[in-house]
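Trainee: Below you'll find run-v3.cif; it's mmCIF, C-alpha atoms.
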data_entry
#
loop_
_atom_site.label_atom_id
_atom_site.label_comp_id
_atom_site.auth_asym_id
_atom_site.auth_seq_id
_atom_site.Cartn_x
_atom_site.Cartn_y
_atom_site.Cartn_z
CA MET T 63 154.70 189.95 133.93
CA ASP T 64 155.47 187.91 130.83
CA MET T 65 154.62 184.28 131.56
CA GLN T 66 156.66 183.08 128.60
CA ASN T 67 159.79 184.31 130.39
CA THR T 68 159.01 182.76 133.78
CA PRO T 69 161.35 180.03 135.08
CA GLU T 70 158.44 177.56 135.10
CA TYR T 71 157.59 178.00 131.44
CA ILE T 72 161.25 177.91 130.41
CA SER T 73 161.69 174.75 132.50
CA LEU T 74 158.81 172.99 130.72
CA ARG T 75 160.02 173.91 127.25
CA SER T 76 163.59 172.85 128.04
CA SER T 77 162.86 169.62 129.92
CA VAL T 78 159.69 168.24 128.30
CA PRO T 79 159.82 167.91 124.50
CA GLN T 80 156.80 168.61 122.36
CA ARG T 81 155.88 165.41 120.55
CA LYS T 82 153.73 164.80 117.49
CA VAL T 83 151.79 161.81 116.29
CA VAL T 84 149.63 161.33 113.19
CA VAL T 85 146.49 159.21 113.49
CA ASP T 86 143.77 158.17 111.05
CA GLY T 87 145.97 158.93 108.09
CA ASN T 88 146.39 162.72 108.28
CA ILE T 89 145.25 164.07 111.68
CA GLU T 90 148.17 165.42 113.68
CA TRP T 91 148.18 165.62 117.46
CA SER T 92 150.95 167.54 119.23
CA TYR T 93 151.36 167.11 122.97
CA TYR T 94 153.57 167.27 126.06
CA ASP T 95 153.99 164.11 128.13
CA ALA T 96 155.47 164.72 131.60
CA GLY T 97 155.99 162.14 134.32
CA PRO T 98 156.60 158.36 134.37
CA ARG T 99 155.71 156.68 131.05
CA SER T 100 154.93 153.44 132.88
CA ILE T 101 151.64 154.87 134.20
CA GLN T 102 148.70 153.68 132.11
CA ASN T 103 146.04 156.00 133.55
CA PRO T 104 147.38 159.55 133.12
CA ILE T 105 145.58 162.83 133.46
CA VAL T 106 145.11 164.51 130.08
CA PHE T 107 144.63 168.28 129.77
CA LEU T 108 142.38 169.67 127.02
CA PRO T 109 142.85 173.41 126.33
CA PRO T 110 140.22 176.05 125.52
CA ALA T 111 139.64 177.33 121.99
CA SER T 112 142.33 179.98 122.38
CA GLY T 113 144.93 177.77 124.04
CA THR T 114 147.75 175.43 123.09
CA ALA T 115 149.15 172.45 124.95
CA ASP T 116 151.69 174.50 126.88
CA VAL T 117 149.09 176.71 128.61
CA PHE T 118 148.99 174.01 131.31
CA PHE T 119 152.73 174.26 131.97
CA ARG T 120 152.21 174.95 135.68
CA GLN T 121 150.03 171.87 136.07
CA LEU T 122 152.44 169.60 134.15
CA LEU T 123 155.42 170.68 136.23
CA SER T 124 153.62 170.49 139.57
CA LEU T 125 151.96 167.11 139.03
CA SER T 126 154.97 165.42 137.45
CA SER T 127 157.06 166.47 140.47
CA PHE T 128 154.78 164.25 142.58
CA GLY T 129 155.24 161.25 140.28
CA CYS T 130 152.08 161.84 138.23
CA ARG T 131 151.92 161.31 134.49
CA ALA T 132 150.36 164.44 132.98
CA ILE T 133 149.70 164.92 129.26
CA SER T 134 148.60 168.15 127.59
CA VAL T 135 147.41 168.19 123.97
CA ASN T 136 146.76 170.56 121.09
CA HIS T 137 143.42 170.18 119.35
CA PRO T 138 143.87 168.92 115.78
CA VAL T 139 142.12 170.42 112.78
CA VAL T 140 138.79 168.58 112.60
CA TRP T 141 135.35 169.93 111.79
CA SER T 142 132.92 167.91 113.89
CA VAL T 143 132.70 166.74 117.49
CA GLN T 144 132.37 163.12 116.36
CA ALA T 145 135.55 163.38 114.28
CA TRP T 146 137.36 164.87 117.29
CA CYS T 147 136.24 161.98 119.53
CA LEU T 148 137.30 159.34 116.98
CA SER T 149 140.66 161.02 116.54
CA PHE T 150 141.25 161.45 120.28
CA ASN T 151 140.53 157.77 120.85
CA ALA T 152 143.09 156.87 118.17
CA PHE T 153 145.55 159.27 119.81
CA LEU T 154 145.17 157.54 123.19
CA ASN T 155 145.65 154.18 121.48
CA SER T 156 148.91 155.43 119.97
CA LEU T 157 150.15 156.26 123.48
CA GLU T 158 149.10 152.79 124.70
CA VAL T 159 147.25 154.17 127.71
CA ASP T 160 144.29 152.47 129.32
CA ARG T 161 141.79 154.80 131.00
CA VAL T 162 142.36 158.49 131.50
CA HIS T 163 141.43 161.31 133.84
CA LEU T 164 140.45 164.39 131.85
CA PHE T 165 140.91 168.04 132.77
CA GLY T 166 139.01 170.22 130.31
CA ALA T 167 138.86 174.02 130.23
CA ASN T 168 135.98 175.73 128.40
CA LEU T 169 135.90 174.02 124.96
CA GLY T 170 138.17 171.33 126.38
CA GLY T 171 135.60 170.63 129.10
CA PHE T 172 132.82 170.25 126.55
CA LEU T 173 134.90 167.87 124.42
CA ALA T 174 135.85 165.87 127.53
CA GLN T 175 132.17 165.25 128.21
CA LYS T 176 131.46 164.32 124.61
CA PHE T 177 134.37 161.86 124.62
CA ALA T 178 133.06 160.28 127.82
CA GLU T 179 129.74 159.98 126.01
CA TYR T 180 131.36 158.61 122.83
CA SER T 181 133.47 155.99 124.60
CA GLY T 182 130.28 154.28 125.77
CA ASN T 183 130.70 150.84 127.28
CA GLY T 184 134.45 151.08 126.77
CA ARG T 185 134.51 153.55 129.68
CA ARG T 186 137.77 155.08 128.49
CA VAL T 187 137.33 158.03 130.87
CA ARG T 188 137.77 157.31 134.58
CA SER T 189 137.08 160.82 135.91
CA MET T 190 136.78 164.45 134.82
CA VAL T 191 137.70 167.89 136.13
CA LEU T 192 135.68 170.51 134.23
CA CYS T 193 136.98 174.08 134.54
CA ASN T 194 134.50 176.77 133.42
CA GLY T 195 132.81 174.08 131.35
CA PHE T 196 129.52 174.05 129.46
CA ASN T 197 127.25 171.28 128.19
CA ASP T 198 125.45 172.95 125.24
CA THR T 199 126.99 175.04 122.46
CA ASP T 200 123.73 176.94 121.95
CA VAL T 201 124.71 179.25 124.84
CA PHE T 202 127.02 181.08 122.43
CA GLN T 203 124.20 181.74 119.92
CA GLN T 204 126.53 181.18 116.97
CA THR T 205 125.23 177.88 115.61
CA THR T 206 124.21 179.34 112.24
CA SER T 207 127.33 181.38 111.60
CA SER T 208 129.58 178.50 112.72
CA LEU T 209 129.16 176.94 109.27
CA SER T 210 131.09 179.83 107.73
CA PHE T 211 133.98 180.06 110.20
CA TRP T 212 136.24 178.13 107.83
CA ALA T 213 136.12 181.04 105.36
CA LEU T 214 136.75 183.92 107.79
CA PRO T 215 140.20 185.52 108.06
CA ALA T 216 142.28 184.81 111.16
CA VAL T 217 142.01 188.41 112.38
CA MET T 218 138.23 188.18 112.65
CA LEU T 219 138.40 184.80 114.33
CA LYS T 220 140.86 186.07 116.95
CA LYS T 221 138.66 189.05 117.70
CA MET T 222 135.68 186.72 118.23
CA VAL T 223 137.64 184.71 120.77
CA MET T 224 139.50 187.33 122.80
CA GLY T 225 137.69 190.58 122.06
CA ASN T 226 135.35 190.65 125.07
CA PHE T 227 137.75 190.72 128.02
CA ASP T 228 137.73 193.81 130.26
CA SER T 229 141.26 194.45 131.50
CA GLN T 230 139.97 196.96 134.05
CA ALA T 231 138.52 194.16 136.20
CA MET T 232 141.72 192.11 136.28
CA ASP T 233 144.50 191.89 138.79
CA ARG T 234 148.13 191.49 137.75
CA GLN T 235 148.06 187.69 137.49
CA MET T 236 144.80 187.62 135.54
CA TYR T 237 146.05 190.27 133.12
CA ALA T 238 149.28 188.30 132.59
CA ALA T 239 147.19 185.17 131.90
CA VAL T 240 145.16 186.96 129.22
CA GLU T 241 148.33 188.33 127.59
CA PHE T 242 149.85 184.86 127.61
CA MET T 243 146.73 183.35 126.01
CA ASN T 244 146.76 186.09 123.37
CA ALA T 245 150.33 185.16 122.51
CA LYS T 246 149.41 181.48 122.28
CA MET T 247 146.43 182.25 120.04
CA ASP T 248 148.67 184.25 117.70
CA SER T 249 150.62 181.05 117.09
CA LEU T 250 147.50 179.27 115.76
CA SER T 251 146.82 179.13 112.04
CA GLN T 252 143.54 180.24 110.47
CA GLN T 253 142.51 176.60 110.01
CA GLU T 254 143.22 175.76 113.64
CA LEU T 255 141.20 178.73 114.90
CA ALA T 256 138.31 178.09 112.51
CA SER T 257 138.21 174.42 113.48
CA ARG T 258 138.11 175.17 117.22
CA LEU T 259 135.42 177.83 116.87
CA THR T 260 133.36 175.44 114.77
CA LEU T 261 133.57 172.77 117.48
CA ASN T 262 132.73 175.44 120.06
CA CYS T 263 129.63 176.76 118.29
CA VAL T 264 128.19 174.06 116.02
CA SER T 265 124.85 172.84 117.36
CA CYS T 266 125.67 170.08 119.83
CA TYR T 267 124.95 169.19 123.45
CA VAL T 268 125.91 166.61 126.05
CA GLU T 269 123.50 163.69 126.50
CA PRO T 270 123.85 162.91 130.21
CA GLN T 271 122.28 159.46 129.94
CA ASN T 272 125.15 158.40 127.68
CA VAL T 273 128.04 159.88 129.67
CA GLN T 274 129.85 156.84 131.03
CA VAL T 275 131.31 158.61 134.07
CA ASP T 276 129.54 158.69 137.43
CA SER T 277 128.79 162.22 138.58
CA SER T 278 130.64 161.42 141.81
CA ASP T 279 133.79 161.07 139.68
CA VAL T 280 133.43 164.63 138.36
CA THR T 281 134.81 167.84 139.86
CA LEU T 282 133.23 171.11 138.68
CA MET T 283 135.67 174.02 138.95
CA ASN T 284 134.31 177.56 138.70
CA VAL T 285 135.28 181.10 139.65
CA PHE T 286 133.02 183.74 141.19
CA ASP T 287 134.32 186.81 139.40
CA ASP T 288 133.57 188.01 135.88
CA GLN T 289 134.35 185.32 133.34
CA ALA T 290 133.12 184.01 130.03
CA LEU T 291 130.31 181.75 131.26
CA SER T 292 127.31 182.96 133.25
CA ASN T 293 125.80 181.51 136.42
CA ALA T 294 123.02 179.98 134.35
CA VAL T 295 125.53 177.81 132.49
CA GLN T 296 127.16 176.76 135.76
CA ASN T 297 123.75 175.86 137.11
CA GLU T 298 123.06 173.61 134.13
CA MET T 299 126.35 171.82 134.69
CA GLY T 300 125.38 171.22 138.30
CA LYS T 301 122.09 169.67 137.23
CA LEU T 302 123.95 167.40 134.82
CA TYR T 303 126.27 166.10 137.57
CA PRO T 304 124.30 166.34 140.83
CA GLU T 305 126.84 164.36 142.88
CA ALA T 306 129.91 166.15 141.52
CA ARG T 307 132.42 167.73 143.84
CA ARG T 308 132.67 171.50 143.69
CA ALA T 309 135.90 173.48 143.44
CA TYR T 310 135.21 177.19 143.88
CA LEU T 311 137.71 179.98 143.43
CA LYS T 312 136.85 183.48 144.59
CA THR T 313 138.77 185.04 141.68
CA GLY T 314 140.69 183.79 138.68
CA GLY T 315 138.94 184.96 135.53
CA ASN T 316 138.74 182.84 132.40
CA PHE T 317 142.10 181.13 132.91
CA PRO T 318 142.44 180.20 136.60
CA TYR T 319 144.93 177.43 135.80
CA LEU T 320 147.33 180.28 134.93
CA SER T 321 146.27 183.08 137.27
CA ARG T 322 145.48 180.88 140.31
CA SER T 323 147.64 177.87 139.54
CA ASP T 324 148.39 176.94 143.18
CA GLU T 325 144.69 176.58 144.04
CA VAL T 326 143.91 174.74 140.81
CA ASN T 327 146.83 172.33 141.31
CA CYS T 328 145.64 171.64 144.85
CA TYR T 329 142.14 170.79 143.63
CA ILE T 330 143.53 168.49 140.94
CA GLN T 331 145.65 166.62 143.47
CA VAL T 332 142.68 166.22 145.80
CA HIS T 333 140.62 164.91 142.87
CA LEU T 334 143.29 162.40 141.80
CA GLN T 335 144.05 161.28 145.35
CA ARG T 336 140.75 159.39 145.38
CA TYR T 337 142.26 156.94 142.87
CA ALA T 338 145.67 156.62 144.53
CA ASP T 339 146.67 153.03 145.31
CA THR T 340 144.12 151.72 142.78
CA VAL T 341 144.63 150.38 139.28
CA TYR T 342 143.41 153.76 137.98
CA SER T 343 146.00 155.86 139.78
CA ALA T 344 147.73 158.59 137.78
CA PHE T 345 150.64 158.48 140.25
CA GLU T 346 153.44 156.05 140.82
CA PRO T 347 152.54 153.51 143.54
CA ARG T 348 152.49 155.19 146.97
CA GLN T 349 154.16 158.26 145.49
CA PHE T 350 151.25 160.61 146.09
CA ALA T 351 150.56 159.46 149.65
CA GLU T 352 154.20 159.71 150.66
CA SER T 353 154.67 163.19 149.16
CA ALA T 354 151.39 164.55 150.49
CA GLN T 355 151.59 163.32 154.10
CA PRO T 356 152.77 165.94 156.63
CA SER T 357 156.06 165.31 158.34
CA THR T 358 155.94 164.60 162.08
CA SER T 359 159.63 163.97 162.66
CA ALA T 360 160.49 167.67 162.96
CA SER T 361 157.90 168.37 165.62
CA LYS T 362 158.87 165.51 167.97
CA PRO T 363 162.28 164.07 168.83
CA PRO T 364 162.66 160.35 168.10
CA PRO T 365 161.74 158.15 171.06
CA SER T 366 164.54 156.50 172.97
CA GLY T 367 165.25 152.88 172.22
CA ASP T 368 164.94 151.78 175.84
CA ASN T 369 161.43 153.08 176.45
CA SER T 370 158.86 150.77 174.81
CA GLU T 371 155.92 152.82 176.07
CA GLU T 372 157.33 155.91 174.36
CA LEU T 373 157.66 153.94 171.10
CA ILE T 374 154.04 152.78 171.26
CA GLU T 375 152.79 156.30 172.00
CA SER T 376 154.77 157.80 169.10
CA SER T 377 153.51 155.14 166.68
CA SER T 378 149.92 155.73 167.77
CA GLU T 379 150.20 159.48 167.27
CA LEU T 380 151.70 159.03 163.79
CA LYS T 381 148.90 156.68 162.76
CA GLU T 382 146.29 159.15 164.05
CA SER T 383 147.95 161.96 162.07
CA GLU T 384 147.92 159.92 158.85
CA ASP T 385 144.26 158.94 159.30
CA SER T 386 143.17 162.51 159.94
CA PHE T 387 145.06 163.76 156.87
CA GLU T 388 143.47 161.15 154.59
CA THR T 389 140.04 162.02 156.02
CA PHE T 390 140.66 165.70 155.24
CA LEU T 391 141.44 164.91 151.59
CA GLU T 392 138.41 162.67 151.18
CA GLN T 393 135.90 165.10 152.69
CA PRO T 394 135.12 168.43 150.93
CA LEU T 395 134.74 171.58 152.97
CA GLU T 396 131.13 172.43 153.75
CA THR T 397 129.71 175.74 152.58
CA ASN T 398 126.21 177.15 152.66
CA SER T 399 124.31 178.83 149.85
CA GLU T 400 125.31 182.32 151.02
CA GLN T 401 128.97 181.38 150.74
CA ARG T 402 128.41 180.29 147.15
CA VAL T 403 127.22 183.75 146.25
CA LYS T 404 129.95 185.57 148.17
CA PRO T 405 132.44 183.13 149.75
CA GLU T 406 134.58 184.31 152.62
CA PRO T 407 137.70 182.13 152.05
CA GLU T 408 139.82 182.33 148.93
CA VAL T 409 138.76 178.85 147.83
CA THR T 410 136.04 176.48 149.00
CA PHE T 411 135.30 172.89 148.18
CA GLN T 412 131.94 171.21 148.67
CA GLU T 413 130.13 168.10 147.53
CA ALA T 414 126.52 169.06 146.92
CA ALA T 415 124.14 169.98 144.14
CA VAL T 416 124.25 173.46 142.66
CA ASP T 417 122.01 175.93 144.41
CA SER T 418 119.76 177.38 141.75
CA HIS T 419 118.93 180.42 143.89
CA ASN T 420 119.65 183.82 142.31
CA ILE T 421 120.88 182.39 138.99
CA ASP T 422 120.87 184.60 135.90
CA SER T 423 118.53 182.96 133.43
CA ALA T 424 120.03 184.60 130.35
CA ALA T 425 123.21 183.35 128.68
CA ALA T 426 123.16 185.58 125.64
CA ASN T 427 126.42 187.34 126.46
CA GLU T 428 128.60 184.23 126.64
CA SER T 429 132.04 184.41 125.02
CA PHE T 430 134.30 181.56 124.04
CA SER T 431 137.89 181.42 125.24
#
Here is a file; write its structure as structure tokens.

Mentor:
Amino acid sequence: MDMQNTPEYISLRSSVPQRKVVVDGNIEWSYYDAGPRSIQNPIVFLPPASGTADVFFRQLLSLSSFGCRAISVNHPVVWSVQAWCLSFNAFLNSLEVDRVHLFGANLGGFLAQKFAEYSGNGRRVRSMVLCNGFNDTDVFQQTTSSLSFWALPAVMLKKMVMGNFDSQAMDRQMYAAVEFMNAKMDSLSQQELASRLTLNCVSCYVEPQNVQVDSSDVTLMNVFDDQALSNAVQNEMGKLYPEARRAYLKTGGNFPYLSRSDEVNCYIQVHLQRYADTVYSAFEPRQFAESAQPSTSASKPPPSGDNSEELIESSSELKESEDSFETFLEQPLETNSEQRVKPEPEVTFQEAAVDSHNIDSAAANESFS
């Protein structure tokens, strides 16, 4: 299956224009901006080292259909994490947005944390969803060689990024996701690839005491099958955000937002629903609640106008249904430690600290994607 020929991808490219803005003199950001422009607290998607802004096409289309403003960006060519944070702040200023919700995948997740750290007392970041994220670049064991990435040819850089994926362990959707990411990486220039790998591998780590986002406002999204980051890295992320919500997918590989987009979109909506009807909502007022609530009109005929008792009973049942649905969204599903190792359902969601039992202590075989 070629994802570039799917109706969803064609719909994004035909309905949402790719925009460009230059900040700080010569740093160019390209991005897609879907949904109502009036929303001042959008969710912003940050791609992995191998990805471009359109790799989140399924998230942009799904969220914007619910009245959410969703923005996906391309990383500019910069050579330090600090320069990226300064440039990203200028980019958000150019869009005239207030505070943002960040979804970061792999490198994007690391940069999301560093930006939350950089923004300091400004608290520019309201919440984060970190998909296969990491908090220390030393796990890739490339800190020394990262200084020479700028001089390597594009062929070598591409092999470093995508050369470690075993297609034998992939299902059809996962294989299609890898092929799609390969195609997107081929569109990147040597400078873009070298810049992203430098950010991914230069010696740097997240300082949790300076991250101006409560751990309860973080969702950690991970898959249980073979993927780029080991259990040891996931365990470290759990220690960094002990009160974070957990979004577990049984399978999905390195790019679950492509291969398991329905589950990922559901988790994102649950995460953002916590801020619905607040000044930090990424949705139009009441839009999310109205679209998410189950319909009760089809299951019961409307009460007759002459029977007041029937009207009261119907109203009471509708209120009870709404309350129970909101409670379901606010409360994560409970799982035990055995389920974390081998979960029974396709996806689970829990709000607890990471269980450090049976974690692989070595992270030497990490790969960046």

Trainee: Hey, which of T:Phe150, T:Phe165, T:Tyr342, T:Phe119 ends up closest to Val106 in chain T? Count only C-alpha atoms.

Mentor: T:Phe165

Trainee: What does the distance between CA of Gln271 in chain T and CA of Asn151 in chain T come to in Å, to one decimal place?

Mentor: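 A separation of 20.5 Å between them.
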
Trainee: If the PyMOL selection byres ((chain T and resi 232-246) around 7) were run on this exact file, what residues would it hold? Put them as a PyMOL selection string.

Mentor: chain T and resi 63-65+112-114+229-231+247-249+314-315+317+320-321

Trainee: Residues as selected, C-alpha atoms, written as a compact mmCIF listing (two decimals), in the coordinates of the input, can you do that?

Mentor:
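Okay, again-v3.txt is ready:
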# COMPACT_ATOMS: atom_id res chain seq x y z
CA MET T 63 154.70 189.95 133.93
CA ASP T 64 155.47 187.91 130.83
CA MET T 65 154.62 184.28 131.56
CA SER T 112 142.33 179.98 122.38
CA GLY T 113 144.93 177.77 124.04
CA THR T 114 147.75 175.43 123.09
CA SER T 229 141.26 194.45 131.50
CA GLN T 230 139.97 196.96 134.05
CA ALA T 231 138.52 194.16 136.20
CA MET T 247 146.43 182.25 120.04
CA ASP T 248 148.67 184.25 117.70
CA SER T 249 150.62 181.05 117.09
CA GLY T 314 140.69 183.79 138.68
CA GLY T 315 138.94 184.96 135.53
CA PHE T 317 142.10 181.13 132.91
CA LEU T 320 147.33 180.28 134.93
CA SER T 321 146.27 183.08 137.27

Trainee: Please provide as number ranges by chain all residues within 12 Å of Lys176 in chain T, with the sequence filter that same-chain residues fewer than 5 positions apart are discarded (counting all atoms listed in the file).

Mentor: T: 142-148, 150-151, 164, 166, 169-171, 181-182, 186-187, 190, 195-199, 261, 266-275

Trainee: Hey, can you pull every residue with an atom no more than 10 Å from (155.7, 167.2, 126.3), using all atoms listed in the file, and send it as a list in words?

Mentor: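 Using all atoms listed in the file, the matching residues come out as Leu74, Arg75, Ser76, Ser77, Val78, Pro79, Gln80, Arg81, Lys82, Ser92, Tyr93, Tyr94, Asp95, Ala96, Gly97, Ala115, Asp116, Phe119, Leu122, Ala132, Ile133, Ser134 and Val135 of chain T.
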
Trainee: Set up a box along x, y and z of the file covering all listed atoms of range 161-170 of chain T, add 8 Å on every one of the six sides, and write the centre and edge lengths in Å to one decimal, as JSON.

Mentor:
{"center_x": 139.1, "center_y": 165.3, "center_z": 129.4, "size_x": 22.5, "size_y": 36.9, "size_z": 24.9}

Trainee: What would range 234-255 of chain T look like with N, CA and C atoms in place, written as a tab-separated table (two decimals), in the coordinates of the input?

Mentor:
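Just written: part.tsv:
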chain	number	residue	atom	x	y	z
T	234	ARG	N	146.89	191.65	138.52
T	234	ARG	CA	148.13	191.49	137.75
T	234	ARG	C	148.25	190.08	137.17
T	235	GLN	N	147.94	189.07	137.96
T	235	GLN	CA	148.06	187.69	137.49
T	235	GLN	C	147.04	187.38	136.39
T	236	MET	N	145.82	187.86	136.55
T	236	MET	CA	144.80	187.62	135.54
T	236	MET	C	145.14	188.31	134.23
T	237	TYR	N	145.66	189.55	134.33
T	237	TYR	CA	146.05	190.27	133.12
T	237	TYR	C	147.19	189.54	132.40
T	238	ALA	N	148.16	189.05	133.18
T	238	ALA	CA	149.28	188.30	132.59
T	238	ALA	C	148.78	187.03	131.91
T	239	ALA	N	147.75	186.38	132.50
T	239	ALA	CA	147.19	185.17	131.90
T	239	ALA	C	146.54	185.48	130.55
T	240	VAL	N	145.80	186.58	130.48
T	240	VAL	CA	145.16	186.96	129.22
T	240	VAL	C	146.21	187.29	128.15
T	241	GLU	N	147.26	188.01	128.53
T	241	GLU	CA	148.33	188.33	127.59
T	241	GLU	C	149.02	187.07	127.09
T	242	PHE	N	149.22	186.12	127.99
T	242	PHE	CA	149.85	184.86	127.61
T	242	PHE	C	148.96	184.10	126.63
T	243	MET	N	147.65	184.04	126.90
T	243	MET	CA	146.73	183.35	126.01
T	243	MET	C	146.64	184.04	124.65
T	244	ASN	N	146.72	185.36	124.64
T	244	ASN	CA	146.76	186.09	123.37
T	244	ASN	C	147.97	185.68	122.54
T	245	ALA	N	149.11	185.56	123.21
T	245	ALA	CA	150.33	185.16	122.51
T	245	ALA	C	150.21	183.74	121.96
T	246	LYS	N	149.59	182.86	122.75
T	246	LYS	CA	149.41	181.48	122.28
T	246	LYS	C	148.44	181.43	121.09
T	247	MET	N	147.39	182.25	121.13
T	247	MET	CA	146.43	182.25	120.04
T	247	MET	C	147.05	182.78	118.75
T	248	ASP	N	147.99	183.72	118.88
T	248	ASP	CA	148.67	184.25	117.70
T	248	ASP	C	149.48	183.18	116.98
T	249	SER	N	149.84	182.13	117.71
T	249	SER	CA	150.62	181.05	117.09
T	249	SER	C	149.75	180.06	116.32
T	250	LEU	N	148.42	180.18	116.45
T	250	LEU	CA	147.50	179.27	115.76
T	250	LEU	C	147.24	179.75	114.34
T	251	SER	N	147.13	178.80	113.43
T	251	SER	CA	146.82	179.13	112.04
T	251	SER	C	145.33	179.42	111.88
T	252	GLN	N	144.95	179.95	110.74
T	252	GLN	CA	143.54	180.24	110.47
T	252	GLN	C	142.71	178.96	110.53
T	253	GLN	N	143.24	177.87	110.00
T	253	GLN	CA	142.51	176.60	110.01
T	253	GLN	C	142.32	176.07	111.43
T	254	GLU	N	143.34	176.21	112.25
T	254	GLU	CA	143.22	175.76	113.64
T	254	GLU	C	142.16	176.57	114.39
T	255	LEU	N	142.19	177.88	114.24
T	255	LEU	CA	141.20	178.73	114.90
T	255	LEU	C	139.79	178.44	114.40
